[in-house]
>>> print(open('target.cif').read())   # mmCIF, N, CA and C atoms
data_upload
loop_
_atom_site.label_atom_id
_atom_site.label_comp_id
_atom_site.auth_asym_id
_atom_site.auth_seq_id
_atom_site.Cartn_x
_atom_site.Cartn_y
_atom_site.Cartn_z
N MET A 1177 0.33 6.66 -122.65
CA MET A 1177 -0.95 6.04 -122.98
C MET A 1177 -2.08 7.00 -122.63
N PRO A 1178 -2.84 7.44 -123.61
CA PRO A 1178 -3.96 8.33 -123.31
C PRO A 1178 -5.03 7.59 -122.52
N GLY A 1179 -5.72 8.34 -121.67
CA GLY A 1179 -6.72 7.72 -120.79
C GLY A 1179 -7.95 7.23 -121.51
N LYS A 1180 -8.56 8.08 -122.34
CA LYS A 1180 -9.83 7.73 -122.97
C LYS A 1180 -9.62 6.79 -124.14
N VAL A 1181 -10.38 5.71 -124.15
CA VAL A 1181 -10.28 4.72 -125.22
C VAL A 1181 -11.65 4.61 -125.87
N LYS A 1182 -11.67 4.62 -127.18
CA LYS A 1182 -12.92 4.50 -127.93
C LYS A 1182 -13.25 3.02 -128.13
N ALA A 1183 -14.54 2.70 -128.07
CA ALA A 1183 -14.97 1.30 -128.20
C ALA A 1183 -14.66 0.76 -129.59
N TYR A 1184 -14.83 1.58 -130.62
CA TYR A 1184 -14.59 1.09 -131.99
C TYR A 1184 -13.11 0.79 -132.23
N GLU A 1185 -12.22 1.46 -131.49
CA GLU A 1185 -10.79 1.16 -131.62
C GLU A 1185 -10.49 -0.21 -131.02
N LEU A 1186 -11.19 -0.56 -129.95
CA LEU A 1186 -10.93 -1.82 -129.27
C LEU A 1186 -11.47 -3.02 -130.05
N GLN A 1187 -12.52 -2.82 -130.83
CA GLN A 1187 -13.16 -3.93 -131.51
C GLN A 1187 -12.25 -4.57 -132.56
N SER A 1188 -11.36 -3.78 -133.11
CA SER A 1188 -10.49 -4.31 -134.16
C SER A 1188 -9.22 -4.97 -133.60
N LYS A 1189 -9.03 -4.89 -132.27
CA LYS A 1189 -7.79 -5.41 -131.68
C LYS A 1189 -7.90 -6.90 -131.37
N SER A 1190 -6.72 -7.55 -131.33
CA SER A 1190 -6.69 -8.98 -130.99
C SER A 1190 -6.74 -9.15 -129.47
N LYS A 1191 -6.86 -10.41 -129.05
CA LYS A 1191 -6.95 -10.70 -127.63
C LYS A 1191 -5.69 -10.28 -126.88
N ASN A 1192 -4.52 -10.53 -127.48
CA ASN A 1192 -3.26 -10.16 -126.82
C ASN A 1192 -3.14 -8.65 -126.69
N ASP A 1193 -3.54 -7.92 -127.74
CA ASP A 1193 -3.48 -6.46 -127.68
C ASP A 1193 -4.42 -5.92 -126.60
N LEU A 1194 -5.60 -6.53 -126.51
CA LEU A 1194 -6.56 -6.08 -125.50
C LEU A 1194 -6.04 -6.32 -124.08
N THR A 1195 -5.45 -7.49 -123.84
CA THR A 1195 -4.91 -7.76 -122.50
C THR A 1195 -3.75 -6.81 -122.18
N LYS A 1196 -2.94 -6.53 -123.19
CA LYS A 1196 -1.82 -5.60 -122.99
C LYS A 1196 -2.34 -4.20 -122.65
N GLN A 1197 -3.37 -3.77 -123.40
CA GLN A 1197 -3.94 -2.45 -123.15
C GLN A 1197 -4.62 -2.39 -121.79
N LEU A 1198 -5.26 -3.47 -121.41
CA LEU A 1198 -5.92 -3.53 -120.10
C LEU A 1198 -4.89 -3.40 -118.98
N ASN A 1199 -3.77 -4.08 -119.13
CA ASN A 1199 -2.71 -3.98 -118.11
C ASN A 1199 -2.13 -2.57 -118.05
N GLU A 1200 -1.97 -1.94 -119.22
CA GLU A 1200 -1.47 -0.56 -119.23
C GLU A 1200 -2.44 0.39 -118.54
N LEU A 1201 -3.73 0.21 -118.81
CA LEU A 1201 -4.73 1.06 -118.19
C LEU A 1201 -4.77 0.87 -116.68
N LYS A 1202 -4.62 -0.38 -116.25
CA LYS A 1202 -4.60 -0.66 -114.80
C LYS A 1202 -3.39 0.00 -114.15
N GLY A 1203 -2.25 -0.09 -114.84
CA GLY A 1203 -1.05 0.57 -114.33
C GLY A 1203 -1.21 2.07 -114.25
N GLU A 1204 -1.85 2.64 -115.27
CA GLU A 1204 -2.10 4.08 -115.29
C GLU A 1204 -3.01 4.49 -114.13
N LEU A 1205 -4.01 3.66 -113.85
CA LEU A 1205 -4.92 3.96 -112.75
C LEU A 1205 -4.19 3.93 -111.41
N LEU A 1206 -3.27 3.00 -111.27
CA LEU A 1206 -2.49 2.92 -110.03
C LEU A 1206 -1.56 4.11 -109.86
N SER A 1207 -1.05 4.61 -110.97
CA SER A 1207 -0.07 5.71 -110.89
C SER A 1207 -0.73 7.07 -110.68
N LEU A 1208 -2.05 7.16 -110.91
CA LEU A 1208 -2.72 8.45 -110.75
C LEU A 1208 -2.80 8.83 -109.27
N PRO A 1209 -2.51 10.09 -108.96
CA PRO A 1209 -2.65 10.52 -107.57
C PRO A 1209 -4.13 10.64 -107.20
N ARG A 1210 -4.45 10.39 -105.94
CA ARG A 1210 -5.84 10.44 -105.49
C ARG A 1210 -6.22 11.85 -105.04
N ALA A 1211 -5.88 12.83 -105.85
CA ALA A 1211 -6.20 14.22 -105.54
C ALA A 1211 -7.54 14.59 -106.16
N ALA A 1212 -8.18 15.60 -105.60
CA ALA A 1212 -9.50 16.02 -106.08
C ALA A 1212 -9.42 16.53 -107.52
N SER A 1213 -8.28 17.09 -107.90
CA SER A 1213 -8.14 17.62 -109.25
C SER A 1213 -8.06 16.51 -110.30
N LYS A 1214 -7.75 15.28 -109.87
CA LYS A 1214 -7.58 14.18 -110.81
C LYS A 1214 -8.78 13.23 -110.83
N LEU A 1215 -9.87 13.59 -110.16
CA LEU A 1215 -11.02 12.70 -110.09
C LEU A 1215 -11.62 12.40 -111.46
N THR A 1216 -11.68 13.40 -112.33
CA THR A 1216 -12.24 13.18 -113.67
C THR A 1216 -11.35 12.23 -114.46
N LYS A 1217 -10.05 12.40 -114.34
CA LYS A 1217 -9.09 11.53 -115.03
C LYS A 1217 -9.24 10.08 -114.54
N ILE A 1218 -9.43 9.92 -113.23
CA ILE A 1218 -9.61 8.58 -112.66
C ILE A 1218 -10.85 7.92 -113.24
N SER A 1219 -11.96 8.67 -113.31
CA SER A 1219 -13.20 8.09 -113.83
C SER A 1219 -13.06 7.74 -115.31
N VAL A 1220 -12.34 8.56 -116.07
CA VAL A 1220 -12.12 8.28 -117.50
C VAL A 1220 -11.33 6.98 -117.67
N VAL A 1221 -10.30 6.81 -116.86
CA VAL A 1221 -9.47 5.60 -116.96
C VAL A 1221 -10.27 4.38 -116.53
N ARG A 1222 -11.08 4.51 -115.49
CA ARG A 1222 -11.89 3.37 -115.02
C ARG A 1222 -12.89 2.94 -116.09
N LYS A 1223 -13.48 3.91 -116.78
CA LYS A 1223 -14.44 3.58 -117.83
C LYS A 1223 -13.73 2.94 -119.02
N SER A 1224 -12.51 3.37 -119.29
CA SER A 1224 -11.73 2.76 -120.36
C SER A 1224 -11.40 1.31 -120.03
N ILE A 1225 -11.08 1.05 -118.76
CA ILE A 1225 -10.82 -0.32 -118.32
C ILE A 1225 -12.07 -1.18 -118.52
N ALA A 1226 -13.23 -0.61 -118.20
CA ALA A 1226 -14.49 -1.34 -118.36
C ALA A 1226 -14.74 -1.66 -119.83
N ARG A 1227 -14.45 -0.71 -120.72
CA ARG A 1227 -14.63 -0.94 -122.16
C ARG A 1227 -13.72 -2.06 -122.65
N ALA A 1228 -12.46 -2.03 -122.20
CA ALA A 1228 -11.50 -3.05 -122.61
C ALA A 1228 -11.93 -4.43 -122.11
N ARG A 1229 -12.40 -4.49 -120.87
CA ARG A 1229 -12.87 -5.76 -120.31
C ARG A 1229 -14.06 -6.29 -121.09
N GLN A 1230 -14.97 -5.39 -121.46
CA GLN A 1230 -16.17 -5.80 -122.19
C GLN A 1230 -15.79 -6.43 -123.53
N ASN A 1231 -14.83 -5.83 -124.23
CA ASN A 1231 -14.39 -6.39 -125.51
C ASN A 1231 -13.63 -7.69 -125.31
N LEU A 1232 -12.87 -7.78 -124.22
CA LEU A 1232 -12.12 -9.00 -123.93
C LEU A 1232 -13.08 -10.14 -123.60
N ARG A 1233 -14.20 -9.80 -122.99
CA ARG A 1233 -15.22 -10.80 -122.64
C ARG A 1233 -15.75 -11.51 -123.89
N GLU A 1234 -15.78 -10.81 -125.02
CA GLU A 1234 -16.28 -11.40 -126.27
C GLU A 1234 -15.41 -12.59 -126.72
N TYR A 1235 -14.11 -12.54 -126.43
CA TYR A 1235 -13.22 -13.62 -126.84
C TYR A 1235 -13.46 -14.89 -126.03
N TYR A 1236 -13.98 -14.72 -124.80
CA TYR A 1236 -14.19 -15.87 -123.93
C TYR A 1236 -15.66 -16.27 -123.84
N LYS A 1237 -16.46 -15.80 -124.79
CA LYS A 1237 -17.91 -15.94 -124.70
C LYS A 1237 -18.36 -17.39 -124.55
N ASN A 1238 -17.93 -18.28 -125.42
CA ASN A 1238 -18.39 -19.67 -125.38
C ASN A 1238 -17.33 -20.64 -124.87
N LYS A 1239 -16.37 -20.13 -124.13
CA LYS A 1239 -15.32 -20.98 -123.59
C LYS A 1239 -15.76 -21.55 -122.24
N LYS A 1240 -15.11 -22.63 -121.83
CA LYS A 1240 -15.47 -23.27 -120.57
C LYS A 1240 -15.02 -22.43 -119.38
N TYR A 1241 -13.83 -21.86 -119.45
CA TYR A 1241 -13.28 -21.11 -118.32
C TYR A 1241 -13.07 -19.65 -118.70
N LEU A 1242 -13.30 -18.76 -117.73
CA LEU A 1242 -13.08 -17.33 -117.89
C LEU A 1242 -11.89 -16.92 -117.04
N PRO A 1243 -11.17 -15.89 -117.42
CA PRO A 1243 -10.15 -15.35 -116.53
C PRO A 1243 -10.81 -14.85 -115.25
N LEU A 1244 -10.07 -14.86 -114.16
CA LEU A 1244 -10.64 -14.52 -112.85
C LEU A 1244 -11.27 -13.14 -112.81
N ASP A 1245 -10.65 -12.17 -113.48
CA ASP A 1245 -11.19 -10.81 -113.39
C ASP A 1245 -12.42 -10.61 -114.27
N LEU A 1246 -12.76 -11.59 -115.14
CA LEU A 1246 -13.97 -11.48 -115.95
C LEU A 1246 -15.13 -12.30 -115.38
N ARG A 1247 -14.85 -13.08 -114.34
CA ARG A 1247 -15.91 -13.88 -113.72
C ARG A 1247 -16.80 -13.01 -112.85
N PRO A 1248 -18.07 -13.42 -112.70
CA PRO A 1248 -18.93 -12.63 -111.81
C PRO A 1248 -18.45 -12.72 -110.36
N LYS A 1249 -18.46 -11.61 -109.65
CA LYS A 1249 -17.90 -11.55 -108.31
C LYS A 1249 -18.81 -12.25 -107.30
N LYS A 1250 -20.06 -11.81 -107.18
CA LYS A 1250 -21.04 -12.35 -106.24
C LYS A 1250 -20.43 -12.46 -104.84
N THR A 1251 -20.79 -13.50 -104.09
CA THR A 1251 -20.18 -13.71 -102.78
C THR A 1251 -19.54 -15.09 -102.78
N ARG A 1252 -18.68 -15.33 -101.82
CA ARG A 1252 -17.96 -16.60 -101.78
C ARG A 1252 -18.93 -17.76 -101.61
N ALA A 1253 -19.94 -17.58 -100.77
CA ALA A 1253 -20.92 -18.63 -100.51
C ALA A 1253 -21.72 -18.95 -101.77
N ILE A 1254 -22.11 -17.91 -102.51
CA ILE A 1254 -22.88 -18.14 -103.74
C ILE A 1254 -22.02 -18.87 -104.77
N ARG A 1255 -20.75 -18.51 -104.87
CA ARG A 1255 -19.88 -19.16 -105.85
C ARG A 1255 -19.67 -20.64 -105.53
N ARG A 1256 -19.70 -20.99 -104.25
CA ARG A 1256 -19.47 -22.38 -103.85
C ARG A 1256 -20.74 -23.22 -103.79
N ARG A 1257 -21.88 -22.57 -103.93
CA ARG A 1257 -23.15 -23.26 -103.85
C ARG A 1257 -23.31 -24.23 -105.02
N LEU A 1258 -24.13 -25.28 -104.81
CA LEU A 1258 -24.41 -26.21 -105.90
C LEU A 1258 -25.13 -25.47 -107.02
N THR A 1259 -24.87 -25.89 -108.26
CA THR A 1259 -25.60 -25.31 -109.38
C THR A 1259 -27.03 -25.87 -109.35
N LYS A 1260 -27.93 -25.27 -110.12
CA LYS A 1260 -29.31 -25.75 -110.16
C LYS A 1260 -29.36 -27.19 -110.63
N HIS A 1261 -28.54 -27.52 -111.61
CA HIS A 1261 -28.50 -28.88 -112.14
C HIS A 1261 -28.03 -29.86 -111.07
N GLU A 1262 -26.95 -29.52 -110.37
CA GLU A 1262 -26.43 -30.42 -109.33
C GLU A 1262 -27.43 -30.61 -108.19
N ALA A 1263 -28.13 -29.53 -107.83
CA ALA A 1263 -29.10 -29.62 -106.74
C ALA A 1263 -30.31 -30.47 -107.11
N SER A 1264 -30.66 -30.49 -108.40
CA SER A 1264 -31.86 -31.23 -108.82
C SER A 1264 -31.60 -32.72 -109.05
N LEU A 1265 -30.35 -33.15 -109.07
CA LEU A 1265 -30.04 -34.56 -109.31
C LEU A 1265 -30.50 -35.42 -108.15
N LYS A 1266 -30.94 -36.66 -108.47
CA LYS A 1266 -31.36 -37.60 -107.44
C LYS A 1266 -30.37 -38.76 -107.40
N THR A 1267 -30.23 -39.37 -106.24
CA THR A 1267 -29.37 -40.54 -106.13
C THR A 1267 -30.07 -41.73 -106.76
N VAL A 1268 -29.32 -42.80 -107.02
CA VAL A 1268 -29.88 -44.01 -107.61
C VAL A 1268 -30.94 -44.59 -106.68
N LYS A 1269 -30.63 -44.58 -105.38
CA LYS A 1269 -31.55 -45.13 -104.38
C LYS A 1269 -32.87 -44.36 -104.38
N GLN A 1270 -32.79 -43.04 -104.47
CA GLN A 1270 -34.00 -42.21 -104.47
C GLN A 1270 -34.82 -42.44 -105.73
N ARG A 1271 -34.15 -42.61 -106.89
CA ARG A 1271 -34.86 -42.87 -108.13
C ARG A 1271 -35.62 -44.20 -108.07
N LYS A 1272 -34.96 -45.23 -107.53
CA LYS A 1272 -35.61 -46.54 -107.39
C LYS A 1272 -36.81 -46.44 -106.46
N LYS A 1273 -36.65 -45.72 -105.37
CA LYS A 1273 -37.73 -45.54 -104.39
C LYS A 1273 -38.93 -44.85 -105.04
N ASP A 1274 -38.66 -43.84 -105.87
CA ASP A 1274 -39.74 -43.12 -106.55
C ASP A 1274 -40.48 -44.02 -107.55
N ILE A 1275 -39.74 -44.90 -108.23
CA ILE A 1275 -40.35 -45.78 -109.22
C ILE A 1275 -41.21 -46.85 -108.54
N HIS A 1276 -40.67 -47.48 -107.50
CA HIS A 1276 -41.35 -48.61 -106.86
C HIS A 1276 -42.45 -48.20 -105.88
N PHE A 1277 -42.34 -47.01 -105.32
CA PHE A 1277 -43.35 -46.55 -104.36
C PHE A 1277 -43.85 -45.17 -104.78
N PRO A 1278 -44.66 -45.11 -105.85
CA PRO A 1278 -45.14 -43.80 -106.29
C PRO A 1278 -46.12 -43.22 -105.28
N ILE A 1279 -46.33 -41.90 -105.37
CA ILE A 1279 -47.27 -41.24 -104.49
C ILE A 1279 -48.67 -41.74 -104.83
N ARG A 1280 -49.39 -42.18 -103.80
CA ARG A 1280 -50.73 -42.75 -104.02
C ARG A 1280 -51.72 -41.64 -104.32
N LYS A 1281 -52.60 -41.94 -105.28
CA LYS A 1281 -53.63 -40.98 -105.66
C LYS A 1281 -54.96 -41.52 -105.19
N TYR A 1282 -55.67 -40.75 -104.41
CA TYR A 1282 -56.97 -41.17 -103.90
C TYR A 1282 -58.05 -40.28 -104.48
N ALA A 1283 -59.17 -40.92 -104.87
CA ALA A 1283 -60.33 -40.17 -105.34
C ALA A 1283 -61.29 -40.03 -104.17
N VAL A 1284 -61.62 -38.81 -103.82
CA VAL A 1284 -62.51 -38.57 -102.70
C VAL A 1284 -63.92 -38.37 -103.26
N LYS A 1285 -64.86 -39.21 -102.75
CA LYS A 1285 -66.24 -39.10 -103.20
C LYS A 1285 -66.93 -37.99 -102.42
N ALA A 1286 -67.59 -37.07 -103.14
CA ALA A 1286 -68.20 -35.93 -102.47
C ALA A 1286 -69.55 -36.26 -101.88
#
>>> encode(input="target.cif", output="structure tokens")
Amino acid sequence: MPGKVKAYELQSKSKNDLTKQLNELKGELLSLPRAASKLTKISVVRKSIARARQNLREYYKNKKYLPLDLRPKKTRAIRRRLTKHEASLKTVKQRKKDIHFPIRKYAVKA
């Protein structure tokens, strides 16, 4: 498997072919020795992996779930945090309280 992959070659491939190629590239990266002479080869393979992932991301664009390696990494705490929508929701009790006891508006005479 050659290291360098062209983006236009990946665009015509199916999802299964892309995942297969991604696995091959990952295997190639693992098999490369960590010698100074192979640093350029390592960077070429890593960029090829990134290209393959980017094209694979297109297949999951409007799906509900993404594969784990395509999800944003962030931090564990951020991933577990409430979404903006969940945080903005009010309980039934709070909604009733807001309706029945609105904030009083006072006009101050100057």
>>> atom_distance(input="target.cif", atom1="atom CA of Ser1219 of chain A", atom2="atom CA of Asn1199 of chain A")
16.6 Å
>>> closest_residue(input="target.cif", among="A:Leu1215, A:Lys1182, A:Ala1228, A:Arg1247", to="Thr1195 of chain A", atoms="only N, CA and C atoms")
A:Ala1228
>>> residues_around(input="target.cif", residues="Ser1224 of chain A", least_positions_apart="4", cutoff="7 Å", atoms="only N, CA and C atoms", output="NGL selection string")
:A and (1179-1181 or 1201 or 1219-1220 or 1228-1229)
>>> residues_near_point(input="target.cif", point="(-8.4, 6.3, -113.9)", cutoff="7 Å", atoms="all atoms listed in the file", output="ChimeraX atom specification")
/A:1204-1206,1208,1216-1223
>>> select_by_dssp(input="target.cif", residues="segment 1194-1282 of chain A", states="alpha helix (DSSP H)", output="ChimeraX atom specification")
/A:1194-1207,1215-1235,1252-1256,1260-1264,1268-1276
>>> write_last_selection(input="target.cif", atoms="N, CA and C atoms", output="short mmCIF file (atom, residue, chain, number, x, y, z; two decimals), in the coordinates of the input")
data_model
loop_
_atom_site.label_atom_id
_atom_site.label_comp_id
_atom_site.auth_asym_id
_atom_site.auth_seq_id
_atom_site.Cartn_x
_atom_site.Cartn_y
_atom_site.Cartn_z
N LEU A 1194 -5.60 -6.53 -126.51
CA LEU A 1194 -6.56 -6.08 -125.50
C LEU A 1194 -6.04 -6.32 -124.08
N THR A 1195 -5.45 -7.49 -123.84
CA THR A 1195 -4.91 -7.76 -122.50
C THR A 1195 -3.75 -6.81 -122.18
N LYS A 1196 -2.94 -6.53 -123.19
CA LYS A 1196 -1.82 -5.60 -122.99
C LYS A 1196 -2.34 -4.20 -122.65
N GLN A 1197 -3.37 -3.77 -123.40
CA GLN A 1197 -3.94 -2.45 -123.15
C GLN A 1197 -4.62 -2.39 -121.79
N LEU A 1198 -5.26 -3.47 -121.41
CA LEU A 1198 -5.92 -3.53 -120.10
C LEU A 1198 -4.89 -3.40 -118.98
N ASN A 1199 -3.77 -4.08 -119.13
CA ASN A 1199 -2.71 -3.98 -118.11
C ASN A 1199 -2.13 -2.57 -118.05
N GLU A 1200 -1.97 -1.94 -119.22
CA GLU A 1200 -1.47 -0.56 -119.23
C GLU A 1200 -2.44 0.39 -118.54
N LEU A 1201 -3.73 0.21 -118.81
CA LEU A 1201 -4.73 1.06 -118.19
C LEU A 1201 -4.77 0.87 -116.68
N LYS A 1202 -4.62 -0.38 -116.25
CA LYS A 1202 -4.60 -0.66 -114.80
C LYS A 1202 -3.39 0.00 -114.15
N GLY A 1203 -2.25 -0.09 -114.84
CA GLY A 1203 -1.05 0.57 -114.33
C GLY A 1203 -1.21 2.07 -114.25
N GLU A 1204 -1.85 2.64 -115.27
CA GLU A 1204 -2.10 4.08 -115.29
C GLU A 1204 -3.01 4.49 -114.13
N LEU A 1205 -4.01 3.66 -113.85
CA LEU A 1205 -4.92 3.96 -112.75
C LEU A 1205 -4.19 3.93 -111.41
N LEU A 1206 -3.27 3.00 -111.27
CA LEU A 1206 -2.49 2.92 -110.03
C LEU A 1206 -1.56 4.11 -109.86
N SER A 1207 -1.05 4.61 -110.97
CA SER A 1207 -0.07 5.71 -110.89
C SER A 1207 -0.73 7.07 -110.68
N LEU A 1215 -9.87 13.59 -110.16
CA LEU A 1215 -11.02 12.70 -110.09
C LEU A 1215 -11.62 12.40 -111.46
N THR A 1216 -11.68 13.40 -112.33
CA THR A 1216 -12.24 13.18 -113.67
C THR A 1216 -11.35 12.23 -114.46
N LYS A 1217 -10.05 12.40 -114.34
CA LYS A 1217 -9.09 11.53 -115.03
C LYS A 1217 -9.24 10.08 -114.54
N ILE A 1218 -9.43 9.92 -113.23
CA ILE A 1218 -9.61 8.58 -112.66
C ILE A 1218 -10.85 7.92 -113.24
N SER A 1219 -11.96 8.67 -113.31
CA SER A 1219 -13.20 8.09 -113.83
C SER A 1219 -13.06 7.74 -115.31
N VAL A 1220 -12.34 8.56 -116.07
CA VAL A 1220 -12.12 8.28 -117.50
C VAL A 1220 -11.33 6.98 -117.67
N VAL A 1221 -10.30 6.81 -116.86
CA VAL A 1221 -9.47 5.60 -116.96
C VAL A 1221 -10.27 4.38 -116.53
N ARG A 1222 -11.08 4.51 -115.49
CA ARG A 1222 -11.89 3.37 -115.02
C ARG A 1222 -12.89 2.94 -116.09
N LYS A 1223 -13.48 3.91 -116.78
CA LYS A 1223 -14.44 3.58 -117.83
C LYS A 1223 -13.73 2.94 -119.02
N SER A 1224 -12.51 3.37 -119.29
CA SER A 1224 -11.73 2.76 -120.36
C SER A 1224 -11.40 1.31 -120.03
N ILE A 1225 -11.08 1.05 -118.76
CA ILE A 1225 -10.82 -0.32 -118.32
C ILE A 1225 -12.07 -1.18 -118.52
N ALA A 1226 -13.23 -0.61 -118.20
CA ALA A 1226 -14.49 -1.34 -118.36
C ALA A 1226 -14.74 -1.66 -119.83
N ARG A 1227 -14.45 -0.71 -120.72
CA ARG A 1227 -14.63 -0.94 -122.16
C ARG A 1227 -13.72 -2.06 -122.65
N ALA A 1228 -12.46 -2.03 -122.20
CA ALA A 1228 -11.50 -3.05 -122.61
C ALA A 1228 -11.93 -4.43 -122.11
N ARG A 1229 -12.40 -4.49 -120.87
CA ARG A 1229 -12.87 -5.76 -120.31
C ARG A 1229 -14.06 -6.29 -121.09
N GLN A 1230 -14.97 -5.39 -121.46
CA GLN A 1230 -16.17 -5.80 -122.19
C GLN A 1230 -15.79 -6.43 -123.53
N ASN A 1231 -14.83 -5.83 -124.23
CA ASN A 1231 -14.39 -6.39 -125.51
C ASN A 1231 -13.63 -7.69 -125.31
N LEU A 1232 -12.87 -7.78 -124.22
CA LEU A 1232 -12.12 -9.00 -123.93
C LEU A 1232 -13.08 -10.14 -123.60
N ARG A 1233 -14.20 -9.80 -122.99
CA ARG A 1233 -15.22 -10.80 -122.64
C ARG A 1233 -15.75 -11.51 -123.89
N GLU A 1234 -15.78 -10.81 -125.02
CA GLU A 1234 -16.28 -11.40 -126.27
C GLU A 1234 -15.41 -12.59 -126.72
N TYR A 1235 -14.11 -12.54 -126.43
CA TYR A 1235 -13.22 -13.62 -126.84
C TYR A 1235 -13.46 -14.89 -126.03
N ARG A 1252 -18.68 -15.33 -101.82
CA ARG A 1252 -17.96 -16.60 -101.78
C ARG A 1252 -18.93 -17.76 -101.61
N ALA A 1253 -19.94 -17.58 -100.77
CA ALA A 1253 -20.92 -18.63 -100.51
C ALA A 1253 -21.72 -18.95 -101.77
N ILE A 1254 -22.11 -17.91 -102.51
CA ILE A 1254 -22.88 -18.14 -103.74
C ILE A 1254 -22.02 -18.87 -104.77
N ARG A 1255 -20.75 -18.51 -104.87
CA ARG A 1255 -19.88 -19.16 -105.85
C ARG A 1255 -19.67 -20.64 -105.53
N ARG A 1256 -19.70 -20.99 -104.25
CA ARG A 1256 -19.47 -22.38 -103.85
C ARG A 1256 -20.74 -23.22 -103.79
N LYS A 1260 -27.93 -25.27 -110.12
CA LYS A 1260 -29.31 -25.75 -110.16
C LYS A 1260 -29.36 -27.19 -110.63
N HIS A 1261 -28.54 -27.52 -111.61
CA HIS A 1261 -28.50 -28.88 -112.14
C HIS A 1261 -28.03 -29.86 -111.07
N GLU A 1262 -26.95 -29.52 -110.37
CA GLU A 1262 -26.43 -30.42 -109.33
C GLU A 1262 -27.43 -30.61 -108.19
N ALA A 1263 -28.13 -29.53 -107.83
CA ALA A 1263 -29.10 -29.62 -106.74
C ALA A 1263 -30.31 -30.47 -107.11
N SER A 1264 -30.66 -30.49 -108.40
CA SER A 1264 -31.86 -31.23 -108.82
C SER A 1264 -31.60 -32.72 -109.05
N VAL A 1268 -29.32 -42.80 -107.02
CA VAL A 1268 -29.88 -44.01 -107.61
C VAL A 1268 -30.94 -44.59 -106.68
N LYS A 1269 -30.63 -44.58 -105.38
CA LYS A 1269 -31.55 -45.13 -104.38
C LYS A 1269 -32.87 -44.36 -104.38
N GLN A 1270 -32.79 -43.04 -104.47
CA GLN A 1270 -34.00 -42.21 -104.47
C GLN A 1270 -34.82 -42.44 -105.73
N ARG A 1271 -34.15 -42.61 -106.89
CA ARG A 1271 -34.86 -42.87 -108.13
C ARG A 1271 -35.62 -44.20 -108.07
N LYS A 1272 -34.96 -45.23 -107.53
CA LYS A 1272 -35.61 -46.54 -107.39
C LYS A 1272 -36.81 -46.44 -106.46
N LYS A 1273 -36.65 -45.72 -105.37
CA LYS A 1273 -37.73 -45.54 -104.39
C LYS A 1273 -38.93 -44.85 -105.04
N ASP A 1274 -38.66 -43.84 -105.87
CA ASP A 1274 -39.74 -43.12 -106.55
C ASP A 1274 -40.48 -44.02 -107.55
N ILE A 1275 -39.74 -44.90 -108.23
CA ILE A 1275 -40.35 -45.78 -109.22
C ILE A 1275 -41.21 -46.85 -108.54
N HIS A 1276 -40.67 -47.48 -107.50
CA HIS A 1276 -41.35 -48.61 -106.86
C HIS A 1276 -42.45 -48.20 -105.88
#
>>> resolve_selection(input="target.cif", expression="the PyMOL selection byres (((chain A and resi 1242-1246 and name CA) around 12) and name CA)", output="list in words")
Thr1195, Leu1198, Asn1199, Ile1225, Ala1226, Ala1228, Arg1229, Gln1230, Asn1231, Leu1232, Arg1233, Glu1234, Tyr1235, Tyr1236, Lys1237, Asn1238, Lys1239, Lys1240, Tyr1241, Arg1247, Pro1248 and Lys1249 of chain A
>>> atom_distance(input="target.cif", atom1="atom N of Arg1227 of chain A", atom2="atom C of Ser1207 of chain A")
18.7 Å
>>> atom_distance(input="target.cif", atom1="atom CA of Lys1196 of chain A", atom2="atom CA of Tyr1184 of chain A")
17.0 Å
